[in-house]
There are 4 protein chains.
Amino acid sequence: MIKAAIIGATGYTGSELVSLLLKHPDVEISMITSESRKGELFSDVHPQFKNICDLKLRTANDIDTVNPDVCFLALPHRVAMEFVKKWKDKDFKIIDLSGDYRLSSAEVYQQWYDKVHDTPELVPEVPYGLPELYKEKIKGSKIVANPGCFPTAGILALAPLLANNMVETDSIIVDAKTGTTGAGIKSSPTTHFANVNDNFKAYGLKSHRHTIEIEETLSDSGKEKATVQFTPHILPVDRGILVTAYARPKMKITEAMLNERYRQFYKGQPFIRLRSQVPELKFVRGTNLCDIHVTYDERTNRILALSAIDNLVKGAAGQAIQNMNIIFNLDETSGLHIIPLQP
Amino acid sequence: MIKAAIIGATGYTGSELVSLLLKHPDVEISMITSESRKGELFSDVHPQFKNICDLKLRTANDIDTVNPDVCFLALPHRVAMEFVKKWKDKDFKIIDLSGDYRLSSAEVYQQWYDKVHDTPELVPEVPYGLPELYKEKIKGSKIVANPGCFPTAGILALAPLLANNMVETDSIIVDAKTGTTGAGIKSSPTTHFANVNDNFKAYGLKSHRHTIEIEETLSDSGKEKATVQFTPHILPVDRGILVTAYARPKMKITEAMLNERYRQFYKGQPFIRLRSQVPELKFVRGTNLCDIHVTYDERTNRILALSAIDNLVKGAAGQAIQNMNIIFNLDETSGLHIIPLQP
Amino acid sequence: MIKAAIIGATGYTGSELVSLLLKHPDVEISMITSESRKGELFSDVHPQFKNICDLKLRTANDIDTVNPDVCFLALPHRVAMEFVKKWKDKDFKIIDLSGDYRLSSAEVYQQWYDKVHDTPELVPEVPYGLPELYKEKIKGSKIVANPGCFPTAGILALAPLLANNMVETDSIIVDAKTGTTGAGIKSSPTTHFANVNDNFKAYGLKSHRHTIEIEETLSDSGKEKATVQFTPHILPVDRGILVTAYARPKMKITEAMLNERYRQFYKGQPFIRLRSQVPELKFVRGTNLCDIHVTYDERTNRILALSAIDNLVKGAAGQAIQNMNIIFNLDETSGLHIIPLQP
Amino acid sequence: MIKAAIIGATGYTGSELVSLLLKHPDVEISMITSESRKGELFSDVHPQFKNICDLKLRTANDIDTVNPDVCFLALPHRVAMEFVKKWKDKDFKIIDLSGDYRLSSAEVYQQWYDKVHDTPELVPEVPYGLPELYKEKIKGSKIVANPGCFPTAGILALAPLLANNMVETDSIIVDAKTGTTGAGIKSSPTTHFANVNDNFKAYGLKSHRHTIEIEETLSDSGKEKATVQFTPHILPVDRGILVTAYARPKMKITEAMLNERYRQFYKGQPFIRLRSQVPELKFVRGTNLCDIHVTYDERTNRILALSAIDNLVKGAAGQAIQNMNIIFNLDETSGLHIIPLQP
């Protein structure tokens, strides 16, 4: 059994990690930590876990007493890097769910996150934990940077186009819509019920940090710099991200060719479902699946690629476990055979 | 492996049965039927199952070719009894999720359902499949009548009071609130989004069929006829029932005594969670759990008992599987270790 | 024109007052205040008012410079009484939307609100501003205590029964369900989207402050002390309260008699709609209406009375304006002819 | 007083027309019709109107007995044109809320609606009733084609760019999100609560009929053929459309220039609110307002234009009344001074 520690368990990502790891056949949870609520039960913080997981929350300082095989960092960015700095020479693997190691360099990080990085030398070394693109790099890795939720949905929708050099790299638009859990468990006007319910709006126009994450990865897929217009919106929904992406083909294409390229690209990827119908949030709710529909509009000469994920699973905790499975050479789907909760 | 057939799979109950049985370690699904959509894939009807369950829908007439160990009838009432009539001498067990065999006699059935019963002799024989009350009767049974969703929540909230003869049997009020999936998958003004969203109302005042189901079972628990005021309401929510029940104590009671009686009554029942806080729908979503909170109001001399279930799981498909587990002498919780989806 | 000042405009009640008063043919808004955001525009705080009401927020200390005819206190309880103390000898009328003057005495107030009252002598003097019951007292009054939202719905559902001495005064149950705006504009776990959406729960069992408000008023209606079991619940809905009330008749009654008593009691009341169907939240959304349905269940010998209001209008700002209309001898419905927003 | 007849009142558009016209100072409703429910009260069909509008529903054949000044056709497309054919020589004005007269010719209509037109000669004659663009044409008109909901939001977001010849006409993307009332009052899987709630999806990719309506009008604004990529999505929301539109500038532009062009273009338009913040659905709910935010992304060299309307008001009934006001030379805002319902 792999012994797992979850660092930071008061948020949604931490809670989702616990939920998934409890059902994982090859893992046991050694420790769940929270600095603000240590000493309380995990099920005091997340009452749905009563009788299911009543572990006492500990402090991250106890790490040496539990001697885990893997640590999941479910912490805010900037806090995560402090733990990486402290623990980078420890024996266990680290899967960081924050944004701290997702970008190509400490300079880019500083530009988009407005923070100086603690361990600049590590940033280019840590692989980007999107298994559909970087499985080989993840395999041998000590640390993995788990992707952001929007980038997961956006990149998976578009990567086959870039990899096949099919689109103009300055024509890419990612119009994304997310449930409120993407904004975290903390109460704020952004997540206030009456501000969200029966409402809808965009936010972070032109400047959201996930923009650069999408751009860097798509550029890497295509071996040519891509520029991405990324516009997130907030839905009156708990979970789920739907991406509607647009790009201009570089060449003459057909619907059939397009679908064939996606089939080739995602062959053998267990969590990708290519669909002939449009994806819906509830078709992937609670799962690690990414549903994708791609189509070509002859009239406008434009490609549309739509994708749907659960932001807390494929967009966070589920993907982290997928990464863990790959690192430890388990079946990639171990613990992740989940059926969507619909309705 | 137990071979299971699911008869009627286009609705929510059928789909939930498939979802749960696919994960059951001791069951394999032999057949899923739909008369209206036979020949199509199950995942055409319920697209969330693509790549997960792509079985072809068959007709119930194929039953002999698959030779199942158990049949789940996920059919409307009145239709279910026709199948029971036809199949009552077959070798397999039958778990009927309709209302056709839940009441004490064909006469009572006719009075509340306004239909003459096809197999009146069977009605008093078939045990009421609420395992927390009737486990022993369920064990040896050929046919089980799976309880209604409201009765499951209402009876579990109140049974300890009746069993301990603690309340006036004419003082019981069950004010219940349900998600819309209780009204089924069929489109109608009742389930039209704009009629439900940001809205709330009662329905079926004084006359809902689940009234008699609650009354008969509570009367049986208490060995004295109970009368129940049952008022259902429809919530802008997919899943879940919350019951707020009121009763007048017959004797001098205390909060501590009340809690002790509930603890005793539900000792060893794996799906009952007695809570010191109020239950919430999302704390049981997707699971077979029933959360219960009971309290005594000294000021008004009244007992309040609140319960929450997922209407599609503990109120339907999950309880059906719990009944199957009992019939086949499996661990009662087999296939039902589910963690609530929250948020 | 009546000059109105709105004291405290950052919350929902203040915003709703502005919305209604802007359309009132006989009123002009002289001043809107907010201590925390003074100097900003009202439409900065509530952006829906851009181009509609861009008044600058002032401090309550400016009151003498505007010389209003009426002040609406849209303040938290405890804060409101400080203003009443300071302003009680001023020339203008005061309509207090807080709970500070709703109860019968400073002692009762202290018992339920856990605060010593600043102006104990005023508490029994200030009329309870429920026009359907106390129009005559409101007419000549300097100060009016605008009722709570739950009490408005609960009392209007039941008052005819008490006034006609028709029910056992210890048998009354008010099972109430409210939208989240009842919890105010402030962000908190209670109003966090993912805690409310697709969820439902009770709160404040046995102890909610509105209990005593309902009890005192119903007792006054009936000239006999009534005890009320009041259980509020929180709905995934913005606006609206639905009350499902139960009571035991004292006498032999019929459906027809019951309806006749309600018709008599509410004759000429412009905002009461007696309905033969169950009320729904959206049928009163945005309006000062109270929809009521009453029925008798012969089988259980119990009366059911259901009512629906918009908690921000009939339960707060609209009723405050109705009170103002009465005080200033305007048509009671002036400025309140609103058509429900449905869907 | 202008006498108005509303033809077809069982849907949302009809109900919204009644709601707005009842408050219009210069209009009286002469007749409301429904062929399927004639003889019933309007408030039987829409119970929120009880005591507010209890007119008996009549048949459209009664038109001559009421002799109206204006008829609003709230009918499905194809049905509307039959009435226009029948009534085109009558004395009254006709405002058609269907799609039958919105396009440039009967040929284009046939291509997108797959129907032969009944009155092909009228199609190019009837002005497109978007007052912000075509006020002068609407003024003298006998018949007006009220715009579609998506086109209203899409065109208003983009028209200043086309009119100023600022963007590449093949670069326009309209990513639109609508509440479910856009799909009408009829129950169907599309509007089934459990299919919409906590869910989100696109529909009508590449082929939605509103595409051509947007294209033709934008082309007309720009005097150059524009091609539009239009992608609608369905939100778990009752009312409201948010458009996120993208276009590539043709010239060197700045944020300031962009804003100035919009200010110029919409100068004096009473329902357009240019905002420095992103629009939200609830900021316009229940009103005839269109909120617009436009911005330039230097990094990507792309213009983003976002707009929000209430699909039933500015997207249907409110705009129809705005057109009526213009035809009858009333103040354009008469009867349309509505404050958004938020929360």
# chains A, B, ... in the order shown; residues from 1 in each chain; ligands from 1

call {"tool": "interface_residues", "arguments": {"of": "chain B", "to": "chain C", "cutoff": "8 Å", "atoms": "only C-alpha atoms", "output": "PyMOL selection string"}}
result
chain B and resi 170+175+194-195+197-203+206+227-229+235-239+242+278-282+297+300+343

call {"tool": "residues_around", "arguments": {"residues": "Thr59 of chain B", "least_positions_apart": "6", "cutoff": "12 Å", "atoms": "only C-alpha atoms", "output": "list in words"}}
result
Ala5, Ile6, Ile7, Gly8, Ala9, Met31, Ile32, Thr33, Ser34, Glu35, Ser36, Arg37, Lys38, Gly39, Glu40, Thr65 and Val66 of chain B

call {"tool": "write_last_selection", "arguments": {"atoms": "C-alpha atoms", "output": "PDB file, in the first residue's frame"}}
result
ATOM      1  CA  ALA B   5     -31.609  -8.108 -14.833  1.00  0.00           C
ATOM      2  CA  ILE B   6     -32.905  -4.548 -14.777  1.00  0.00           C
ATOM      3  CA  ILE B   7     -36.369  -4.288 -16.207  1.00  0.00           C
ATOM      4  CA  GLY B   8     -37.119  -0.751 -17.346  1.00  0.00           C
ATOM      5  CA  ALA B   9     -34.029   1.344 -17.733  1.00  0.00           C
ATOM      6  CA  MET B  31     -29.680  -7.667 -19.127  1.00  0.00           C
ATOM      7  CA  ILE B  32     -31.109  -4.178 -19.214  1.00  0.00           C
ATOM      8  CA  THR B  33     -34.493  -3.784 -20.837  1.00  0.00           C
ATOM      9  CA  SER B  34     -36.655  -1.077 -22.284  1.00  0.00           C
ATOM     10  CA  GLU B  35     -39.700  -1.791 -24.371  1.00  0.00           C
ATOM     11  CA  SER B  36     -39.773   1.693 -25.885  1.00  0.00           C
ATOM     12  CA  ARG B  37     -36.106   1.918 -26.806  1.00  0.00           C
ATOM     13  CA  LYS B  38     -35.005  -1.679 -27.239  1.00  0.00           C
ATOM     14  CA  GLY B  39     -32.166  -2.118 -29.670  1.00  0.00           C
ATOM     15  CA  GLU B  40     -30.561   1.167 -28.689  1.00  0.00           C
ATOM     16  CA  THR B  65     -32.537 -16.529 -22.314  1.00  0.00           C
ATOM     17  CA  VAL B  66     -30.488 -14.780 -19.634  1.00  0.00           C
TER      18      VAL B  66
END

call {"tool": "residues_around", "arguments": {"residues": "Val123 of chain C", "least_positions_apart": "2", "cutoff": "8 Å", "atoms": "only C-alpha atoms", "output": "MDAnalysis selection string"}}
result
chainID C and resid 100:106 119:121 125:126

call {"tool": "atom_distance", "arguments": {"atom1": "atom CA of Ala317 of chain B", "atom2": "atom CA of Leu17 of chain B"}}
result
5.1 Å

call {"tool": "select_by_dssp", "arguments": {"residues": "segment 97-327 of chain B", "states": "strand (DSSP E or B)", "output": "NGL selection string"}}
result
:B and (128 or 143-145 or 167 or 172-178 or 192 or 201-202 or 228-234 or 241-247 or 249 or 272-274 or 280 or 290-297 or 302-309)

call {"tool": "residues_around", "arguments": {"residues": "segment 256-264 of chain C", "least_positions_apart": "6", "cutoff": "10 Å", "atoms": "only C-alpha atoms", "output": "PDB file with C-alpha atoms, in the first residue's frame"}}
result
ATOM      1  CA  ALA C 157     -51.483  32.291   7.418  1.00  0.00           C
ATOM      2  CA  LEU C 158     -52.940  31.712  10.878  1.00  0.00           C
ATOM      3  CA  ALA C 159     -54.469  34.889  12.309  1.00  0.00           C
ATOM      4  CA  PRO C 160     -58.022  34.191  11.092  1.00  0.00           C
ATOM      5  CA  LEU C 161     -57.990  30.905  13.014  1.00  0.00           C
ATOM      6  CA  ALA C 163     -59.211  35.552  15.840  1.00  0.00           C
ATOM      7  CA  ASN C 164     -62.131  33.175  15.397  1.00  0.00           C
ATOM      8  CA  MET C 166     -61.033  28.008  16.057  1.00  0.00           C
ATOM      9  CA  ILE C 272     -54.001  39.231   0.489  1.00  0.00           C
ATOM     10  CA  ARG C 273     -54.890  36.749  -2.245  1.00  0.00           C
ATOM     11  CA  LEU C 274     -56.855  33.753  -1.014  1.00  0.00           C
ATOM     12  CA  ARG C 275     -56.214  30.933  -3.445  1.00  0.00           C
ATOM     13  CA  SER C 276     -57.935  27.643  -4.124  1.00  0.00           C
ATOM     14  CA  ILE C 292     -52.840  32.076   1.221  1.00  0.00           C
ATOM     15  CA  HIS C 293     -54.389  28.660   0.843  1.00  0.00           C
ATOM     16  CA  VAL C 294     -56.220  27.052   3.737  1.00  0.00           C
ATOM     17  CA  THR C 295     -57.748  23.591   3.882  1.00  0.00           C
ATOM     18  CA  TYR C 296     -59.153  21.097   6.347  1.00  0.00           C
ATOM     19  CA  ILE C 303     -56.130  22.464   9.444  1.00  0.00           C
TER      20      ILE C 303
END

call {"tool": "residues_around", "arguments": {"residues": "Thr13 of chain D", "least_positions_apart": "2", "cutoff": "9 Å", "atoms": "only C-alpha atoms", "output": "PDB file with N, CA and C atoms, in the first residue's frame"}}
result
ATOM      1  N   GLY D   8     -51.982  35.416 -28.818  1.00  0.00           N
ATOM      2  CA  GLY D   8     -51.151  34.287 -28.369  1.00  0.00           C
ATOM      3  C   GLY D   8     -50.584  34.599 -26.998  1.00  0.00           C
ATOM      4  N   ALA D   9     -51.249  34.144 -25.967  1.00  0.00           N
ATOM      5  CA  ALA D   9     -50.883  34.614 -24.632  1.00  0.00           C
ATOM      6  C   ALA D   9     -50.558  33.487 -23.685  1.00  0.00           C
ATOM      7  N   THR D  10     -50.360  32.276 -24.196  1.00  0.00           N
ATOM      8  CA  THR D  10     -50.071  31.185 -23.276  1.00  0.00           C
ATOM      9  C   THR D  10     -48.577  31.021 -23.018  1.00  0.00           C
ATOM     10  N   GLY D  11     -47.767  31.670 -23.835  1.00  0.00           N
ATOM     11  CA  GLY D  11     -46.320  31.536 -23.674  1.00  0.00           C
ATOM     12  C   GLY D  11     -45.723  32.623 -22.805  1.00  0.00           C
ATOM     13  N   SER D  15     -47.198  36.507 -21.912  1.00  0.00           N
ATOM     14  CA  SER D  15     -47.376  36.860 -20.507  1.00  0.00           C
ATOM     15  C   SER D  15     -46.559  38.099 -20.141  1.00  0.00           C
ATOM     16  N   GLU D  16     -45.365  38.203 -20.700  1.00  0.00           N
ATOM     17  CA  GLU D  16     -44.515  39.366 -20.415  1.00  0.00           C
ATOM     18  C   GLU D  16     -45.105  40.632 -21.047  1.00  0.00           C
ATOM     19  N   LEU D  17     -45.684  40.483 -22.239  1.00  0.00           N
ATOM     20  CA  LEU D  17     -46.337  41.628 -22.882  1.00  0.00           C
ATOM     21  C   LEU D  17     -47.475  42.148 -21.996  1.00  0.00           C
ATOM     22  N   VAL D  18     -48.287  41.242 -21.505  1.00  0.00           N
ATOM     23  CA  VAL D  18     -49.402  41.658 -20.634  1.00  0.00           C
ATOM     24  C   VAL D  18     -48.857  42.365 -19.410  1.00  0.00           C
ATOM     25  N   ALA D  74     -47.630  37.212 -30.640  1.00  0.00           N
ATOM     26  CA  ALA D  74     -46.730  36.399 -29.801  1.00  0.00           C
ATOM     27  C   ALA D  74     -46.959  34.944 -30.172  1.00  0.00           C
ATOM     28  N   LEU D  75     -46.580  34.621 -31.369  1.00  0.00           N
ATOM     29  CA  LEU D  75     -46.895  33.326 -31.974  1.00  0.00           C
ATOM     30  C   LEU D  75     -45.624  32.664 -32.489  1.00  0.00           C
ATOM     31  N   LEU D  97     -43.540  39.313 -33.089  1.00  0.00           N
ATOM     32  CA  LEU D  97     -42.412  38.862 -32.272  1.00  0.00           C
ATOM     33  C   LEU D  97     -41.788  37.568 -32.780  1.00  0.00           C
ATOM     34  N   GLY D 184     -38.810  28.558 -24.375  1.00  0.00           N
ATOM     35  CA  GLY D 184     -40.263  28.570 -24.316  1.00  0.00           C
ATOM     36  C   GLY D 184     -40.854  27.871 -23.111  1.00  0.00           C
ATOM     37  N   LEU D 312     -36.545  38.042 -22.260  1.00  0.00           N
ATOM     38  CA  LEU D 312     -37.991  38.216 -22.392  1.00  0.00           C
ATOM     39  C   LEU D 312     -38.394  39.685 -22.495  1.00  0.00           C
ATOM     40  N   VAL D 313     -37.504  40.591 -22.125  1.00  0.00           N
ATOM     41  CA  VAL D 313     -37.851  42.021 -22.163  1.00  0.00           C
ATOM     42  C   VAL D 313     -37.129  42.659 -23.347  1.00  0.00           C
ATOM     43  N   ALA D 316     -37.495  40.558 -26.292  1.00  0.00           N
ATOM     44  CA  ALA D 316     -38.818  40.194 -26.812  1.00  0.00           C
ATOM     45  C   ALA D 316     -39.856  41.274 -26.474  1.00  0.00           C
ATOM     46  N   ALA D 317     -40.556  41.100 -25.352  1.00  0.00           N
ATOM     47  CA  ALA D 317     -41.736  41.926 -25.083  1.00  0.00           C
ATOM     48  C   ALA D 317     -41.402  43.398 -24.853  1.00  0.00           C
TER      49      ALA D 317
END

call {"tool": "residues_around", "arguments": {"residues": "Lys223 of chain A", "least_positions_apart": "4", "cutoff": "9 Å", "atoms": "only C-alpha atoms", "output": "ChimeraX atom specification"}}
result
/A:162-163,165,218-219

call {"tool": "atom_distance", "arguments": {"atom1": "atom CA of Asp91 of chain A", "atom2": "atom CA of Lys3 of chain A"}}
result
12.3 Å

call {"tool": "residues_around", "arguments": {"residues": "Ser187 of chain D", "least_positions_apart": "5", "cutoff": "9 Å", "atoms": "only C-alpha atoms", "output": "ChimeraX atom specification"}}
result
/B:187-193 /D:192

call {"tool": "atom_distance", "arguments": {"atom1": "atom CA of Thr333 of chain A", "atom2": "atom CA of Lys56 of chain A"}}
result
28.8 Å

call {"tool": "select_by_dssp", "arguments": {"residues": "segment 38-202 of chain C", "states": "helix (DSSP H, G or I)", "output": "JSON, numbers by chain"}}
result
{"C": [42, 43, 44, 45, 47, 48, 49, 60, 61, 62, 63, 64, 65, 66, 79, 80, 81, 82, 83, 84, 85, 86, 87, 106, 107, 108, 109, 110, 111, 112, 113, 131, 132, 133, 134, 135, 136, 137, 138, 139, 149, 150, 151, 152, 153, 154, 155, 156, 157, 158, 159, 160, 161, 162, 163, 180, 181, 182, 183, 189, 190, 191, 193, 194, 195, 196]}

call {"tool": "closest_residue", "arguments": {"among": "B:Ile326, B:Leu22, B:Gly99, B:Ile253", "to": "Trp112 of chain B", "atoms": "only C-alpha atoms"}}
result
B:Gly99
